[in-house]
>>> print(open('model-v1.cif').read())   # mmCIF, C-alpha atoms
data_final
#
loop_
_atom_site.label_atom_id
_atom_site.label_comp_id
_atom_site.auth_asym_id
_atom_site.auth_seq_id
_atom_site.Cartn_x
_atom_site.Cartn_y
_atom_site.Cartn_z
CA MET A 124 -19.55 127.65 -173.65
CA SER A 125 -18.70 124.04 -174.24
CA SER A 126 -18.07 121.50 -171.49
CA SER A 127 -16.08 118.32 -171.26
CA ALA A 128 -14.23 118.26 -167.95
CA PRO A 129 -14.38 115.55 -165.27
CA GLN A 130 -15.78 116.59 -161.89
CA ASP A 131 -12.93 115.20 -159.74
CA PRO A 132 -9.71 115.33 -161.78
CA ARG A 133 -6.62 113.66 -160.33
CA PRO A 134 -3.04 114.75 -161.01
CA GLU A 135 -0.15 112.38 -161.37
CA GLY A 136 0.47 110.30 -158.26
CA GLY A 137 -3.20 109.96 -157.36
CA HIS A 138 -3.45 112.97 -155.04
CA ARG A 139 -6.66 114.87 -155.58
CA LEU A 140 -6.85 118.41 -156.84
CA TRP A 141 -8.31 120.90 -154.40
CA SER A 142 -10.89 123.29 -155.77
CA VAL A 143 -10.39 127.04 -155.44
CA ASP A 144 -13.36 127.20 -153.06
CA GLU A 145 -12.05 124.38 -150.87
CA HIS A 146 -8.63 125.98 -150.55
CA LEU A 147 -10.09 129.38 -149.67
CA ALA A 148 -12.50 127.87 -147.15
CA ASP A 149 -9.59 126.04 -145.51
CA ILE A 150 -7.66 129.31 -145.20
CA LEU A 151 -10.58 131.32 -143.84
CA SER A 152 -11.46 128.60 -141.32
CA ALA A 153 -7.97 128.99 -139.81
CA VAL A 154 -7.83 132.80 -139.79
CA ARG A 155 -9.31 134.66 -136.84
CA PRO A 156 -9.79 138.44 -136.57
CA LEU A 157 -7.03 140.18 -134.63
CA GLU A 158 -7.74 141.15 -131.03
CA PRO A 159 -9.07 144.73 -130.59
CA ILE A 160 -6.84 147.47 -129.23
CA GLU A 161 -7.29 151.15 -128.33
CA LEU A 162 -5.53 153.47 -130.76
CA GLN A 163 -5.05 157.19 -131.25
CA LEU A 164 -7.17 158.51 -134.10
CA LEU A 165 -4.48 158.78 -136.77
CA ASP A 166 -3.06 155.40 -135.83
CA ALA A 167 -6.55 153.93 -136.31
CA GLN A 168 -6.79 154.95 -139.96
CA GLY A 169 -7.59 151.93 -142.11
CA CYS A 170 -8.67 149.88 -139.08
CA VAL A 171 -12.08 148.36 -138.41
CA LEU A 172 -14.15 149.80 -135.57
CA VAL A 173 -15.26 147.21 -133.00
CA GLU A 174 -17.78 149.33 -131.10
CA ASP A 175 -20.69 151.59 -131.91
CA VAL A 176 -19.73 155.22 -131.35
CA THR A 177 -22.50 157.59 -130.25
CA VAL A 178 -22.44 161.37 -130.36
CA PRO A 179 -21.83 162.92 -126.90
CA VAL A 180 -22.62 166.50 -128.00
CA ALA A 181 -24.60 167.93 -130.87
CA LEU A 182 -22.78 169.12 -133.97
CA PRO A 183 -22.57 171.99 -134.34
CA PRO A 184 -22.85 172.54 -130.58
CA PHE A 185 -24.40 176.01 -131.03
CA ASP A 186 -26.12 178.12 -133.68
CA ASN A 187 -23.34 179.66 -135.77
CA SER A 188 -22.78 181.73 -138.86
CA SER A 189 -22.07 180.15 -142.24
CA MET A 190 -20.81 183.48 -143.64
CA ASP A 191 -18.61 186.44 -142.80
CA GLY A 192 -21.05 189.29 -142.33
CA TYR A 193 -23.34 190.92 -139.78
CA ALA A 194 -25.72 189.34 -137.30
CA VAL A 195 -29.01 191.24 -137.42
CA ARG A 196 -32.66 191.26 -136.46
CA THR A 197 -34.83 190.53 -139.51
CA ALA A 198 -37.22 193.40 -138.75
CA ASP A 199 -34.33 195.87 -138.96
CA VAL A 200 -33.39 194.89 -142.53
CA GLN A 201 -36.86 194.33 -143.93
CA GLY A 202 -37.19 196.14 -147.28
CA ALA A 203 -33.50 197.13 -147.34
CA SER A 204 -32.02 197.95 -150.77
CA GLU A 205 -29.00 199.70 -152.24
CA GLU A 206 -31.13 202.82 -152.79
CA PHE A 207 -32.63 202.66 -149.31
CA PRO A 208 -30.18 200.73 -147.10
CA ALA A 209 -30.90 199.81 -143.49
CA VAL A 210 -28.45 201.73 -141.30
CA LEU A 211 -27.53 199.78 -138.17
CA THR A 212 -25.28 200.50 -135.22
CA VAL A 213 -22.44 197.98 -134.90
CA VAL A 214 -22.20 196.84 -131.28
CA GLY A 215 -19.11 194.60 -131.51
CA ASP A 216 -17.29 191.72 -133.15
CA VAL A 217 -18.12 188.02 -132.84
CA ALA A 218 -15.18 185.86 -133.90
CA ALA A 219 -15.00 182.07 -134.02
CA GLY A 220 -14.25 180.93 -130.48
CA SER A 221 -15.75 184.03 -128.89
CA GLY A 222 -16.93 183.58 -125.32
CA GLU A 223 -18.74 186.74 -124.24
CA LEU A 224 -21.21 187.79 -126.92
CA PRO A 225 -22.75 191.21 -127.49
CA THR A 226 -26.53 191.36 -127.47
CA VAL A 227 -28.09 192.61 -130.69
CA GLY A 228 -30.99 194.95 -129.96
CA PRO A 229 -33.34 196.91 -132.23
CA GLY A 230 -31.41 198.89 -134.85
CA GLU A 231 -28.17 197.08 -134.04
CA ALA A 232 -25.85 194.57 -135.69
CA ALA A 233 -22.76 192.62 -134.69
CA ARG A 234 -19.92 191.93 -137.10
CA ILE A 235 -19.66 188.10 -137.23
CA MET A 236 -17.22 185.62 -138.72
CA THR A 237 -17.85 182.19 -140.26
CA GLY A 238 -18.27 179.58 -137.52
CA ALA A 239 -18.83 182.15 -134.78
CA PRO A 240 -21.82 181.69 -132.45
CA LEU A 241 -24.96 183.66 -133.25
CA PRO A 242 -25.19 186.38 -130.57
CA PRO A 243 -28.30 186.87 -128.43
CA GLY A 244 -31.05 188.88 -130.13
CA ALA A 245 -29.81 188.18 -133.66
CA GLU A 246 -32.07 186.21 -135.99
CA ALA A 247 -30.09 186.06 -139.23
CA VAL A 248 -26.74 186.85 -140.83
CA VAL A 249 -26.32 189.14 -143.82
CA PRO A 250 -23.12 188.46 -145.81
CA VAL A 251 -20.61 191.30 -145.84
CA GLU A 252 -21.12 191.56 -149.62
CA TRP A 253 -24.70 192.72 -148.92
CA THR A 254 -23.35 195.67 -146.92
CA ASP A 255 -20.91 198.54 -147.19
CA GLY A 256 -18.68 196.82 -144.64
CA GLY A 257 -18.92 199.88 -142.40
CA THR A 258 -17.02 202.06 -144.88
CA GLY A 259 -19.91 204.32 -145.87
CA GLY A 260 -19.34 203.45 -149.54
CA GLY A 261 -20.73 200.84 -151.93
CA ALA A 262 -20.94 197.08 -151.61
CA ALA A 263 -17.99 195.62 -149.72
CA ALA A 264 -15.87 192.83 -151.16
CA GLY A 265 -14.75 191.69 -147.74
CA MET A 266 -13.99 192.71 -144.18
CA THR A 267 -11.09 194.87 -143.08
CA PRO A 268 -8.88 192.78 -140.74
CA ALA A 269 -9.71 193.49 -137.09
CA SER A 270 -6.05 194.16 -136.28
CA ALA A 271 -5.82 196.81 -139.00
CA ALA A 272 -9.11 198.57 -138.25
CA PRO A 273 -10.51 197.78 -134.82
CA GLU A 274 -13.02 200.59 -135.24
CA ARG A 275 -14.96 198.42 -137.70
CA ALA A 276 -16.34 196.65 -134.63
CA GLY A 277 -18.22 199.86 -133.95
CA GLY A 278 -19.77 202.66 -135.96
CA GLU A 279 -22.48 202.03 -138.50
CA VAL A 280 -23.07 199.56 -141.32
CA ARG A 281 -25.41 199.96 -144.26
CA VAL A 282 -27.28 196.80 -145.26
CA HIS A 283 -28.43 196.65 -148.90
CA ARG A 284 -30.61 193.51 -148.82
CA ALA A 285 -33.21 191.99 -146.56
CA ALA A 286 -32.68 188.65 -144.82
CA GLU A 287 -35.17 186.03 -143.73
CA ALA A 288 -35.08 184.50 -140.27
CA ARG A 289 -32.24 181.95 -139.86
CA ALA A 290 -30.62 183.03 -143.13
CA HIS A 291 -26.95 181.91 -143.21
CA VAL A 292 -27.27 180.34 -139.76
CA ARG A 293 -26.15 176.76 -139.14
CA ALA A 294 -28.49 175.39 -136.50
CA ARG A 295 -27.28 173.59 -133.42
CA GLY A 296 -27.41 169.83 -134.07
CA SER A 297 -28.01 170.24 -137.80
CA ASP A 298 -25.15 167.78 -138.47
CA VAL A 299 -25.77 165.24 -135.70
CA GLN A 300 -27.69 165.29 -132.46
CA ALA A 301 -26.38 164.15 -129.09
CA GLY A 302 -27.12 160.46 -128.70
CA ASP A 303 -27.12 159.76 -132.44
CA LEU A 304 -25.10 156.83 -133.78
CA ALA A 305 -21.97 158.38 -135.24
CA LEU A 306 -20.28 155.22 -136.55
CA ALA A 307 -21.33 151.59 -136.33
CA ALA A 308 -19.08 148.71 -135.36
CA GLY A 309 -17.53 147.23 -138.49
CA THR A 310 -16.83 150.60 -140.10
CA VAL A 311 -13.43 150.97 -141.76
CA LEU A 312 -11.95 154.25 -140.56
CA GLY A 313 -10.97 156.49 -143.45
CA PRO A 314 -10.31 160.26 -143.40
CA PRO A 315 -14.02 161.28 -143.18
CA GLN A 316 -14.63 158.90 -140.28
CA ILE A 317 -11.49 160.12 -138.50
CA ALA A 318 -12.77 163.68 -138.96
CA LEU A 319 -16.13 162.82 -137.42
CA LEU A 320 -14.52 161.11 -134.43
CA ALA A 321 -12.34 164.15 -133.83
CA ALA A 322 -15.32 166.50 -134.23
CA ILE A 323 -17.26 164.71 -131.49
CA GLY A 324 -14.27 164.78 -129.19
CA ARG A 325 -12.95 161.21 -129.43
CA GLY A 326 -9.17 161.11 -129.02
CA THR A 327 -8.90 157.32 -129.16
CA VAL A 328 -11.04 154.54 -130.56
CA ARG A 329 -11.22 150.77 -130.12
CA VAL A 330 -10.41 148.91 -133.34
CA ARG A 331 -8.95 145.75 -134.76
CA PRO A 332 -5.43 146.70 -135.86
CA ARG A 333 -4.29 146.49 -139.46
CA PRO A 334 -2.66 143.08 -140.01
CA ARG A 335 1.12 143.01 -140.34
CA VAL A 336 1.94 141.04 -143.47
CA VAL A 337 5.50 139.94 -144.27
CA VAL A 338 6.14 139.21 -147.96
CA MET A 339 9.22 137.42 -149.23
CA SER A 340 10.30 136.12 -152.62
CA THR A 341 12.51 133.06 -153.05
CA GLY A 342 14.95 132.36 -155.83
CA SER A 343 18.69 132.66 -156.35
CA GLU A 344 18.00 134.21 -159.76
CA LEU A 345 16.31 137.29 -158.25
CA VAL A 346 18.02 140.69 -158.24
CA GLN A 347 16.68 143.81 -156.56
CA PRO A 348 15.52 146.64 -158.86
CA GLY A 349 18.27 149.21 -159.32
CA GLU A 350 21.03 146.62 -159.30
CA ALA A 351 22.81 145.27 -162.38
CA LEU A 352 21.55 142.06 -163.94
CA ALA A 353 24.03 139.23 -164.39
CA ALA A 354 23.60 136.34 -166.78
CA GLY A 355 20.59 134.22 -165.88
CA THR A 356 19.13 136.69 -163.36
CA ILE A 357 15.87 138.67 -163.34
CA TYR A 358 14.50 141.46 -161.24
CA ASP A 359 12.36 140.57 -158.22
CA SER A 360 8.89 141.91 -159.00
CA ASN A 361 6.77 139.55 -156.92
CA SER A 362 7.69 140.86 -153.50
CA PHE A 363 6.96 144.42 -154.63
CA ALA A 364 3.66 143.46 -156.24
CA LEU A 365 2.47 141.47 -153.24
CA ALA A 366 3.59 144.03 -150.66
CA ALA A 367 1.71 146.70 -152.61
CA ALA A 368 -1.32 144.41 -152.88
CA ALA A 369 -1.21 143.76 -149.13
CA ARG A 370 -1.25 147.50 -148.46
CA ASP A 371 -4.12 147.90 -150.90
CA ALA A 372 -6.02 145.24 -148.97
CA GLY A 373 -5.59 147.23 -145.74
CA ALA A 374 -2.51 145.63 -144.21
CA ILE A 375 0.80 146.99 -142.99
CA ALA A 376 3.23 145.30 -145.36
CA TYR A 377 6.87 144.43 -144.80
CA ARG A 378 8.83 143.36 -147.86
CA VAL A 379 11.81 141.08 -147.33
CA GLY A 380 14.49 140.99 -150.03
CA ALA A 381 14.66 137.85 -152.16
CA VAL A 382 15.87 134.77 -150.30
CA ALA A 383 18.30 132.45 -152.08
CA ASP A 384 17.38 128.85 -152.88
CA ASP A 385 18.66 127.47 -149.60
CA ALA A 386 16.31 125.80 -147.13
CA ASP A 387 18.29 126.71 -144.02
CA THR A 388 18.48 130.38 -145.05
CA LEU A 389 14.74 130.49 -145.72
CA ARG A 390 13.89 128.82 -142.41
CA ALA A 391 16.08 131.30 -140.55
CA THR A 392 14.53 134.23 -142.42
CA ILE A 393 11.00 133.07 -141.63
CA GLU A 394 11.86 132.60 -137.96
CA ASP A 395 13.34 136.13 -137.84
CA GLN A 396 10.18 137.60 -139.38
CA LEU A 397 7.68 135.85 -137.12
CA ILE A 398 8.04 138.51 -134.43
CA ARG A 399 6.45 141.16 -136.64
CA ALA A 400 4.01 139.06 -138.68
CA ASP A 401 0.30 138.40 -138.34
CA LEU A 402 0.53 136.71 -141.74
CA LEU A 403 3.48 135.43 -143.80
CA VAL A 404 3.43 135.24 -147.59
CA THR A 405 6.12 133.54 -149.65
CA THR A 406 6.28 133.39 -153.42
CA GLY A 407 8.15 130.73 -155.39
CA GLY A 408 9.47 127.33 -154.45
CA VAL A 409 6.18 125.42 -154.06
CA SER A 410 6.17 123.30 -157.23
CA VAL A 411 7.95 120.02 -157.96
CA GLY A 412 11.37 121.25 -159.06
CA ALA A 413 14.70 120.28 -157.49
CA TYR A 414 15.15 123.81 -156.15
CA ASP A 415 11.65 124.43 -154.79
CA VAL A 416 13.03 125.66 -151.49
CA VAL A 417 9.80 126.58 -149.69
CA LYS A 418 8.50 123.03 -149.72
CA GLU A 419 11.90 121.75 -148.66
CA ALA A 420 12.31 124.27 -145.85
CA LEU A 421 8.87 123.86 -144.36
CA SER A 422 8.48 120.14 -144.98
CA SER A 423 11.80 119.15 -143.44
CA VAL A 424 10.79 120.27 -139.96
CA GLY A 425 8.74 117.85 -137.89
CA GLN A 426 7.12 115.02 -139.85
CA SER A 427 9.18 115.32 -142.99
CA ASP A 428 8.02 111.94 -144.29
CA ALA A 429 4.46 113.12 -144.89
CA GLY A 430 3.24 112.68 -148.45
CA GLU A 431 2.51 115.48 -150.88
CA GLY A 432 -0.77 117.18 -150.10
CA GLU A 433 -0.83 115.86 -146.53
CA GLY A 434 -0.41 118.00 -143.43
CA GLN A 435 3.10 118.40 -142.08
CA ASP A 436 3.98 119.62 -138.58
CA VAL A 437 6.21 122.70 -138.63
CA ASP A 438 7.54 124.12 -135.34
CA GLY A 439 4.22 123.88 -133.55
CA GLY A 440 2.25 124.67 -136.70
CA ARG A 441 1.21 122.64 -139.70
CA MET A 442 1.90 123.13 -143.42
CA ASP A 443 0.05 121.63 -146.34
CA PHE A 444 1.25 121.71 -149.96
CA ARG A 445 -1.38 120.93 -152.52
CA LYS A 446 -2.40 121.24 -156.15
CA LEU A 447 -5.46 123.26 -157.08
CA ALA A 448 -7.81 122.85 -160.01
CA MET A 449 -7.02 126.33 -161.31
CA GLN A 450 -4.92 128.13 -163.87
CA PRO A 451 -2.71 129.99 -163.20
CA GLY A 452 -1.68 129.08 -159.65
CA LYS A 453 -1.93 125.30 -159.47
CA PRO A 454 0.72 124.71 -156.73
CA GLN A 455 -0.18 126.27 -153.38
CA GLY A 456 0.84 125.94 -149.76
CA PHE A 457 -0.99 126.89 -146.59
CA GLY A 458 -0.53 126.34 -142.91
CA THR A 459 0.60 127.88 -139.66
CA ILE A 460 4.09 128.23 -138.26
CA GLY A 461 5.80 129.21 -135.03
CA PRO A 462 4.64 129.32 -131.42
CA ASP A 463 1.71 131.64 -132.21
CA HIS A 464 0.58 129.52 -135.17
CA THR A 465 1.05 132.42 -137.57
CA PRO A 466 -0.71 131.75 -140.90
CA LEU A 467 1.64 131.26 -143.85
CA LEU A 468 0.51 131.22 -147.46
CA ALA A 469 3.04 129.89 -149.96
CA LEU A 470 2.29 131.09 -153.48
CA PRO A 471 3.78 130.02 -156.81
CA GLY A 472 6.61 132.08 -158.26
CA ASN A 473 5.38 132.99 -161.74
CA PRO A 474 4.34 136.65 -161.49
CA VAL A 475 0.77 136.28 -162.74
CA SER A 476 0.23 133.06 -160.78
CA SER A 477 1.51 134.83 -157.70
CA TYR A 478 -0.72 137.88 -158.12
CA VAL A 479 -3.85 135.90 -158.99
CA SER A 480 -3.22 133.66 -155.98
CA PHE A 481 -2.89 136.74 -153.79
CA GLU A 482 -6.21 138.14 -154.96
CA LEU A 483 -8.03 134.85 -154.48
CA PHE A 484 -6.49 133.70 -151.19
CA VAL A 485 -4.24 136.21 -149.43
CA ARG A 486 -6.45 139.27 -149.77
CA PRO A 487 -9.44 137.46 -148.20
CA ALA A 488 -7.18 136.28 -145.36
CA ILE A 489 -6.04 139.86 -144.71
CA ARG A 490 -9.61 141.15 -144.75
CA ALA A 491 -10.67 138.37 -142.37
CA LEU A 492 -7.84 139.29 -139.98
CA MET A 493 -9.15 142.87 -140.06
CA GLY A 494 -12.53 141.62 -138.87
CA LEU A 495 -14.47 142.74 -141.92
CA PRO A 496 -17.85 141.15 -142.64
CA GLU A 497 -17.94 138.27 -145.11
CA SER A 498 -19.45 140.51 -147.79
CA GLU A 499 -16.27 142.63 -147.77
CA VAL A 500 -13.69 139.85 -147.56
CA ARG A 501 -13.64 138.98 -151.26
CA ARG A 502 -13.29 141.25 -154.26
CA PRO A 503 -16.64 142.22 -155.80
CA SER A 504 -17.68 140.40 -158.95
CA VAL A 505 -20.13 141.13 -161.75
CA ARG A 506 -21.51 139.38 -164.80
CA ALA A 507 -20.22 140.67 -168.13
CA VAL A 508 -20.37 139.68 -171.79
CA LEU A 509 -17.11 138.58 -173.43
CA SER A 510 -15.95 140.96 -176.15
CA ALA A 511 -13.24 139.22 -178.16
CA ASP A 512 -12.21 138.43 -181.74
CA LYS A 513 -12.21 134.68 -181.16
CA ALA A 514 -13.14 132.03 -178.64
CA LEU A 515 -11.04 131.67 -175.52
CA GLY A 516 -9.73 128.21 -174.68
CA SER A 517 -9.54 126.85 -171.14
CA PRO A 518 -8.08 123.57 -169.81
CA ALA A 519 -10.54 120.88 -168.83
CA GLY A 520 -11.05 120.52 -165.11
CA ARG A 521 -9.38 123.84 -164.23
CA ARG A 522 -10.98 127.10 -163.17
CA GLN A 523 -9.15 129.63 -165.31
CA PHE A 524 -8.57 133.26 -164.40
CA LEU A 525 -7.82 135.44 -167.42
CA ARG A 526 -6.81 139.08 -167.27
CA GLY A 527 -9.35 141.50 -168.68
CA THR A 528 -10.58 145.08 -168.94
CA TYR A 529 -14.16 145.67 -167.82
CA ASP A 530 -16.45 148.27 -169.37
CA ALA A 531 -19.22 148.99 -166.88
CA GLU A 532 -21.19 151.14 -169.33
CA SER A 533 -21.49 148.42 -171.96
CA GLY A 534 -21.38 145.50 -169.54
CA THR A 535 -18.57 143.84 -171.48
CA VAL A 536 -15.14 142.48 -170.66
CA SER A 537 -12.20 142.12 -173.05
CA PRO A 538 -9.12 139.89 -172.64
CA VAL A 539 -5.72 141.50 -172.08
CA GLY A 540 -2.68 139.53 -173.23
CA GLY A 541 -2.49 135.76 -173.29
CA SER A 542 -2.90 133.12 -170.61
CA GLY A 543 0.82 132.77 -169.82
CA SER A 544 1.67 133.05 -166.14
CA HIS A 545 4.73 135.21 -166.82
CA LEU A 546 3.03 138.06 -168.73
CA ILE A 547 3.46 140.95 -166.30
CA ALA A 548 2.85 143.70 -168.88
CA ALA A 549 -0.64 142.38 -169.62
CA LEU A 550 -1.38 142.22 -165.90
CA ALA A 551 -0.43 145.89 -165.52
CA HIS A 552 -3.15 146.85 -168.01
CA ALA A 553 -5.90 144.63 -166.57
CA ASP A 554 -8.55 145.79 -164.13
CA SER A 555 -10.37 142.49 -163.74
CA LEU A 556 -10.13 138.71 -163.87
CA MET A 557 -12.42 136.74 -166.16
CA VAL A 558 -13.46 133.45 -164.56
CA VAL A 559 -13.90 130.39 -166.76
CA PRO A 560 -15.49 127.49 -164.83
CA GLU A 561 -13.84 124.09 -164.49
CA ASP A 562 -16.27 122.33 -166.83
CA VAL A 563 -15.84 124.81 -169.70
CA THR A 564 -13.15 124.40 -172.35
CA SER A 565 -14.14 127.13 -174.81
CA VAL A 566 -15.79 130.52 -174.33
CA GLU A 567 -17.30 132.11 -177.42
CA PRO A 568 -17.54 135.89 -177.90
CA GLY A 569 -20.87 137.09 -176.55
CA THR A 570 -20.85 134.60 -173.67
CA GLU A 571 -21.62 135.95 -170.19
CA LEU A 572 -18.85 135.40 -167.63
CA GLU A 573 -18.19 136.08 -163.99
CA VAL A 574 -15.72 138.95 -163.72
CA ILE A 575 -13.76 139.75 -160.54
CA LEU A 576 -13.11 143.48 -160.28
CA LEU A 577 -9.59 144.38 -159.16
CA GLY A 578 -9.95 148.16 -158.93
#
>>> encode(input="model-v1.cif", output="structure tokens")
Amino acid sequence: MSSSAPQDPRPEGGHRLWSVDEHLADILSAVRPLEPIELQLLDAQGCVLVEDVTVPVALPPFDNSSMDGYAVRTADVQGASEEFPAVLTVVGDVAAGSGELPTVGPGEAARIMTGAPLPPGAEAVVPVEWTDGGTGGGAAAGMTPASAAPERAGGEVRVHRAAEARAHVRARGSDVQAGDLALAAGTVLGPPQIALLAAIGRGTVRVRPRPRVVVMSTGSELVQPGEALAAGTIYDSNSFALAAAARDAGAIAYRVGAVADDADTLRATIEDQLIRADLLVTTGGVSVGAYDVVKEALSSVGQSDAGEGEGQDVDGGRMDFRKLAMQPGKPQGFGTIGPDHTPLLALPGNPVSSYVSFELFVRPAIRALMGLPESEVRRPSVRAVLSADKALGSPAGRRQFLRGTYDAESGTVSPVGGSGSHLIAALAHADSLMVVPEDVTSVEPGTELEVILLG
């Protein structure tokens, strides 16, 4: 790598550039985890547990069979073979959920189903395939349904193989013991965790809810997918990308159709959405153009004479529009709005700038709202060697984020597409972001880089 960048670059007008780390720290300092609530199990999926959950009863709660077969005493089947089978008297059926259980005495067996409790006197289970199934013939392939042949719960069964003590028996507490820690506070509840909670009898659980994130694009040129394009219009991809990214981060996402370049309309839309938002995300309208409606809408409320990059009061909150020492994604906005001081992140409108900004700033905010530990707030990163045909250029004084594909086996990363902030196709084929530091202007092939993993 070669370096030549100043440490504190200043854009036009003398306002300082914020670093990526400063901007993220500012966001995270203002975001607090959502208050815990009690939820039904399925409603708690994707949420973060706020309490340790201990096991009230052992799992399984009783010794039970892991096979369909016969519960037997080991002495009665010792030395059994197909030539010299052990012939046992069947004293009854034991189905899953059975209450009253037959006692298995010497020379006896009970027909038993998978998950059924081991009856008194029995020491092991022989699979039905090791027996004649009570038919008097050869090895059975399965059991005759009880409704079709109730007599199979009686009569005799021939056992063709011996069984050791506890064979095919799942011991009480072999999964978890009563009093064990089932799940620790801070656990994200996925399907396996929901299953465990249900298995130990928990119908509800105390969690931090999934954040509700409202995403809206701005721009009079935006048309919804499925509609016809007119001259000068493009399809709105940002709101779809960011809503999907918010869901991927763990949030409940609400996508608002593109808002025209009108400050009053945008203000009214934001006010309407506040009732269902823990976090608002806008994309577009934060640069220096004549139609950058987000800055106009949010800066014209309260102290509208504040300078660029300074805090501006907005309906009880405060918005700040700033430039960051990064590429793509230089123009950014952050603050709070409304009576509940709902966080609002205003992202640039170019698709790649918008998505990179989401990964760096919005995703961590969502994860912080969820109450996840700091180690799980940001995307994981690794070190990888650049695999490329030529050196990659990077602007002085900017931290550049380039799309890449990461090969974990070789420990290399390869660029995908160019550095343009409008190249959506390249973004769709990338699984990582290559990070070029602010003081580096050229990265040679073979150089080791930080790589942020997106998958």
>>> residues_around(input="model-v1.cif", residues="range 534-540 of chain A", least_positions_apart="4", cutoff="8 Å", atoms="all atoms listed in the file", output="JSON list (two decimals) with C-alpha atoms, in the frame of the given file")
[["chain", "number", "residue", "atom", "x", "y", "z"],
["A", 506, "ARG", "CA", -21.51, 139.38, -164.80],
["A", 507, "ALA", "CA", -20.22, 140.67, -168.13],
["A", 508, "VAL", "CA", -20.37, 139.68, -171.79],
["A", 509, "LEU", "CA", -17.11, 138.58, -173.43],
["A", 510, "SER", "CA", -15.95, 140.96, -176.15],
["A", 511, "ALA", "CA", -13.24, 139.22, -178.16],
["A", 525, "LEU", "CA", -7.82, 135.44, -167.42],
["A", 526, "ARG", "CA", -6.81, 139.08, -167.27],
["A", 527, "GLY", "CA", -9.35, 141.50, -168.68],
["A", 528, "THR", "CA", -10.58, 145.08, -168.94],
["A", 529, "TYR", "CA", -14.16, 145.67, -167.82],
["A", 530, "ASP", "CA", -16.45, 148.27, -169.37],
["A", 546, "LEU", "CA", 3.03, 138.06, -168.73],
["A", 549, "ALA", "CA", -0.64, 142.38, -169.62],
["A", 550, "LEU", "CA", -1.38, 142.22, -165.90],
["A", 552, "HIS", "CA", -3.15, 146.85, -168.01],
["A", 553, "ALA", "CA", -5.90, 144.63, -166.57],
["A", 557, "MET", "CA", -12.42, 136.74, -166.16],
["A", 574, "VAL", "CA", -15.72, 138.95, -163.72]]
>>> atom_distance(input="model-v1.cif", atom1="CA of Phe457 in chain A", atom2="CA of Asp149 in chain A")
8.7 Å
>>> resolve_selection(input="model-v1.cif", expression="the PyMOL selection byres ((chain A and resi 282-292) around 9)", output="PyMOL selection string")
chain A and resi 186-190+193+195-211+241+246-256+262+280-281+293-294
>>> closest_residue(input="model-v1.cif", among="A:Val154, A:Ala383, A:Ile323, A:Ala491", to="Val176 in chain A", atoms="all atoms listed in the file")
A:Ile323
>>> resolve_selection(input="model-v1.cif", expression="the PyMOL selection byres ((chain A and resi 364) around 10)", output="JSON, numbers by chain")
{"A": [338, 359, 360, 361, 362, 363, 365, 366, 367, 368, 369, 378, 474, 477, 478, 481]}
>>> atom_distance(input="model-v1.cif", atom1="CA of Glu571 in chain A", atom2="CA of Ser142 in chain A")
22.0 Å
>>> closest_residue(input="model-v1.cif", among="A:Leu403, A:Ala386, A:Ile150, A:Ala372", to="Ile489 in chain A", atoms="only C-alpha atoms")
A:Ala372
>>> residues_around(input="model-v1.cif", residues="Leu306 in chain A", least_positions_apart="6", cutoff="10 Å", atoms="all atoms listed in the file", output="ChimeraX atom specification")
/A:172,174-178,312,316,319-320
>>> closest_residue(input="model-v1.cif", among="A:Leu164, A:Leu492, A:Leu140, A:Ala263", to="Lys453 in chain A", atoms="all atoms listed in the file")
A:Leu140
>>> resolve_selection(input="model-v1.cif", expression="the PyMOL selection byres ((chain A and resi 390-394) around 12)", output="number ranges by chain")
A: 337-341, 379-389, 395-400, 402-405, 416-424, 437-438, 459-463, 465-467, 469
